Amino acid sequence: MNISDRFNGSTSVYGIIGNPIEHSFSPVLQNTLIEKYGINGVYSPFRVDEDKVGDALKGLFALGIKGINVTVPHKKAVMPYLERIDETADIIGAVNTLKKTDTGFEGYNTDILGLKKSFELNGVEIKDKKVMLLGAGGAANAAAVLLCQLGAKEIILVNRTKQKAEELKDHILKYFNADVSIISYDEMESIEKPDVIINTTSVGMGEGNYASPVKNENYFEGVKAVFDAIYIPWETKLLSDAKRCGCKTINGFDMLIYQGIASFEIWNGISVSDEDAVEIRNILGEYFLRRK
Ligand code: ATR
């Protein structure tokens, strides 16, 4: 269909704010969803400087933009400007999805929903499991909240900077009655192996990067599943080592897709079935690998 046939006076606008924004995959994902579900809409990237977040949100609201994704570095900065913040997003302390209401934007965190769906559809069990979480930044915070919500038996935080792991542990224990411990990377070998390992560090990120946060390539023997939030490269060294050790491995692409689907559902009141979600994931996975 021609672009002139697609848009008219009733077209709704959605978008994403971040900086940089040029490499965002969200416009491709969201416009694919808009097309599949026959919505009269368009989704566009907006680069917003850090000192312009408040102005941008005022403008987006005044223009009647229906839904916004928020990416790095604005996920915390948008929070003071919102009308209401979903409870889980508030606990995580980061918002990646804004939904317009008559009086302002409501904030949600669909990164956690994307991670949850990625676990579900890839058969990663968390309930009553011992889970090792690598990293203690923003992504680790969201993952830790999910692990608590899903009833992990034990959460072991591993981080280069111990202080940050302690802060994350204190934060989590304010909201959940969970078994959380902290170890260094050097201490990994001296504890019993976890069932699941989740990497939220940036180690190994970027095409041609062969670094892994876990130095011992054979460490993963006996571990059931390893999740890496990274999807460029498609298979990090961490995941290739884990695969060789016989673990189920999952990269961050599904989390990316499912967080976007969750945002789309919030904005449009549509429920995307698991079958549709997997179909979209497969189409976009092929597109993504071709584009690289
Ligand atoms: P995000 O929001 O994506 O989680 P972040 O808050 O900057 O990003 O956190 C990055 C994480 O990667 C941190 O846990 C960081 O460890 P430190 O707390 O010690 O900085 C981790 N990380 C980054 N580079 C690392 C490296 N070379 N080795 C180990 N951990 C690293």
# chains A, B, ... in the order shown; residues from 1 in each chain; ligands from 1
>>> closest_atom_pairs(of="chain A", to="ligand 1", cutoff="6 Å", atoms="only C-alpha atoms and all ligand atoms", output="CSV")
residue,atom,partner,partner_atom_place_in_ligand_line,distance
A:Gly135,CA,ligand 1,14 (O),3.4
A:Ala136,CA,ligand 1,14 (O),4.0
A:Gly137,CA,ligand 1,6 (O),3.2
A:Gly138,CA,ligand 1,2 (O),3.6
A:Ala139,CA,ligand 1,4 (O),3.8
A:Ala140,CA,ligand 1,4 (O),5.6
A:Asn159,CA,ligand 1,19 (O),5.5
A:Arg160,CA,ligand 1,19 (O),3.8
A:Thr161,CA,ligand 1,19 (O),3.7
A:Lys164,CA,ligand 1,18 (O),5.6
A:Thr200,CA,ligand 1,4 (O),5.8
A:Thr201,CA,ligand 1,12 (O),3.3
A:Ser202,CA,ligand 1,12 (O),4.8
A:Val203,CA,ligand 1,25 (C),5.4
A:Pro213,CA,ligand 1,29 (C),5.8
>>> select_by_dssp(residues="region 88-279 of chain A", states="strand (DSSP E)", output="PyMOL selection string")
chain A and resi 97-100+105-108+130-134+154-158+180-183+196-199+225-228+248-250
>>> write_last_selection(atoms="C-alpha atoms", output="PDB file, in the first residue's frame")
ATOM      1  CA  THR A  97       6.255   2.758  28.105  1.00  0.00           C
ATOM      2  CA  LEU A  98       3.962   5.780  28.329  1.00  0.00           C
ATOM      3  CA  LYS A  99       0.232   5.633  27.593  1.00  0.00           C
ATOM      4  CA  LYS A 100      -1.677   8.844  27.000  1.00  0.00           C
ATOM      5  CA  PHE A 105       0.860   9.983  30.567  1.00  0.00           C
ATOM      6  CA  GLU A 106       0.749   6.766  32.596  1.00  0.00           C
ATOM      7  CA  GLY A 107       4.103   4.944  32.959  1.00  0.00           C
ATOM      8  CA  TYR A 108       4.767   1.210  32.690  1.00  0.00           C
ATOM      9  CA  LYS A 130      18.445 -21.119  42.221  1.00  0.00           C
ATOM     10  CA  VAL A 131      19.235 -18.202  39.909  1.00  0.00           C
ATOM     11  CA  MET A 132      22.535 -16.370  39.409  1.00  0.00           C
ATOM     12  CA  LEU A 133      22.210 -12.776  38.225  1.00  0.00           C
ATOM     13  CA  LEU A 134      25.289 -11.177  36.633  1.00  0.00           C
ATOM     14  CA  GLU A 154      17.532 -18.223  45.768  1.00  0.00           C
ATOM     15  CA  ILE A 155      19.026 -15.215  43.962  1.00  0.00           C
ATOM     16  CA  ILE A 156      22.801 -14.889  43.810  1.00  0.00           C
ATOM     17  CA  LEU A 157      24.012 -11.459  42.714  1.00  0.00           C
ATOM     18  CA  VAL A 158      27.430 -11.348  41.040  1.00  0.00           C
ATOM     19  CA  VAL A 180      19.399 -12.831  48.080  1.00  0.00           C
ATOM     20  CA  SER A 181      23.172 -13.253  48.443  1.00  0.00           C
ATOM     21  CA  ILE A 182      26.175 -11.523  46.896  1.00  0.00           C
ATOM     22  CA  ILE A 183      29.405 -13.071  45.615  1.00  0.00           C
ATOM     23  CA  VAL A 196      19.698 -20.572  35.735  1.00  0.00           C
ATOM     24  CA  ILE A 197      22.176 -17.791  34.916  1.00  0.00           C
ATOM     25  CA  ILE A 198      21.024 -14.374  33.697  1.00  0.00           C
ATOM     26  CA  ASN A 199      23.522 -11.909  32.245  1.00  0.00           C
ATOM     27  CA  ALA A 225      19.527 -22.444  31.202  1.00  0.00           C
ATOM     28  CA  VAL A 226      21.543 -19.318  30.449  1.00  0.00           C
ATOM     29  CA  PHE A 227      19.885 -16.071  29.373  1.00  0.00           C
ATOM     30  CA  ASP A 228      21.876 -13.145  27.983  1.00  0.00           C
ATOM     31  CA  LYS A 248      19.499 -24.149  26.987  1.00  0.00           C
ATOM     32  CA  THR A 249      20.540 -20.679  25.772  1.00  0.00           C
ATOM     33  CA  ILE A 250      18.379 -17.620  25.103  1.00  0.00           C
TER      34      ILE A 250
END
>>> atom_distance(atom1="CA of Ile21 (chain A)", atom2="CA of Lys117 (chain A)")
24.9 Å
>>> closest_residue(among="A:Glu189, A:Leu121, A:Phe253, A:Ile92", to="Leu289 (chain A)", atoms="only C-alpha atoms")
A:Phe253
>>> atom_distance(atom1="CA of Ile39 (chain A)", atom2="CA of Gly15 (chain A)")
14.5 Å
>>> residues_around(residues="region 41-53 of chain A", least_positions_apart="2", cutoff="9 Å", atoms="only C-alpha atoms", output="PyMOL selection string")
chain A and resi 6-7+10-22+24+26-28+30-31+34-35+38-39+55-58+67-68+73-74+77-78+81
>>> select_by_dssp(residues="region 164-237 of chain A", states="alpha helix (DSSP H)", output="count of residues only")
13
>>> residues_around(residues="region 216-223 of chain A", least_positions_apart="4", cutoff="8 Å", atoms="only C-alpha atoms", output="short mmCIF file (atom, residue, chain, number, x, y, z; two decimals) with N, CA and C atoms, in the first residue's frame")
data_model
loop_
_atom_site.label_atom_id
_atom_site.label_comp_id
_atom_site.auth_asym_id
_atom_site.auth_seq_id
_atom_site.Cartn_x
_atom_site.Cartn_y
_atom_site.Cartn_z
N GLU A 189 33.10 -20.23 41.54
CA GLU A 189 33.49 -21.64 41.50
C GLU A 189 33.26 -22.34 42.84
N LYS A 193 26.42 -25.01 41.80
CA LYS A 193 25.96 -24.40 40.54
C LYS A 193 24.48 -23.99 40.61
N PRO A 194 24.16 -22.84 39.98
CA PRO A 194 22.74 -22.43 39.93
C PRO A 194 22.00 -23.22 38.84
N ASP A 195 20.66 -23.16 38.88
CA ASP A 195 19.86 -23.76 37.80
C ASP A 195 19.87 -22.85 36.56
N VAL A 196 19.82 -21.55 36.83
CA VAL A 196 19.70 -20.57 35.74
C VAL A 196 20.70 -19.45 35.96
N ILE A 197 21.31 -18.97 34.85
CA ILE A 197 22.18 -17.79 34.92
C ILE A 197 21.60 -16.72 33.99
N LEU A 238 29.46 -15.88 26.10
CA LEU A 238 28.80 -16.50 27.26
C LEU A 238 27.81 -17.58 26.78
N ASP A 241 29.64 -20.60 25.04
CA ASP A 241 30.25 -21.48 26.05
C ASP A 241 29.16 -22.32 26.74
N ALA A 242 28.05 -21.65 27.07
CA ALA A 242 26.96 -22.35 27.78
C ALA A 242 26.35 -23.43 26.89
N CYS A 245 28.34 -26.47 26.79
CA CYS A 245 28.21 -27.23 28.05
C CYS A 245 26.83 -27.90 28.16
N GLY A 246 25.99 -27.75 27.13
CA GLY A 246 24.71 -28.46 27.13
C GLY A 246 23.54 -27.67 27.73
N CYS A 247 23.74 -26.37 27.96
CA CYS A 247 22.64 -25.57 28.54
C CYS A 247 21.67 -25.12 27.44
#
>>> atom_distance(atom1="CA of Ala229 (chain A)", atom2="CA of Ile270 (chain A)")
26.4 Å
>>> closest_residue(among="A:Val70, A:Leu284, A:Ile230, A:Val278", to="Glu120 (chain A)", atoms="only C-alpha atoms")
A:Val278
>>> closest_residue(among="A:Ile3, A:Leu256, A:Leu150, A:Leu33", to="Thr71 (chain A)", atoms="only C-alpha atoms")
A:Leu256
>>> closest_residue(among="A:Leu239, A:Met1, A:Ile126, A:Ala277", to="Cys148 (chain A)", atoms="only C-alpha atoms")
A:Ile126
>>> closest_residue(among="A:Val145, A:Ile232, A:Ala94, A:Ile280", to="Asn251 (chain A)", atoms="only C-alpha atoms")
A:Ile232
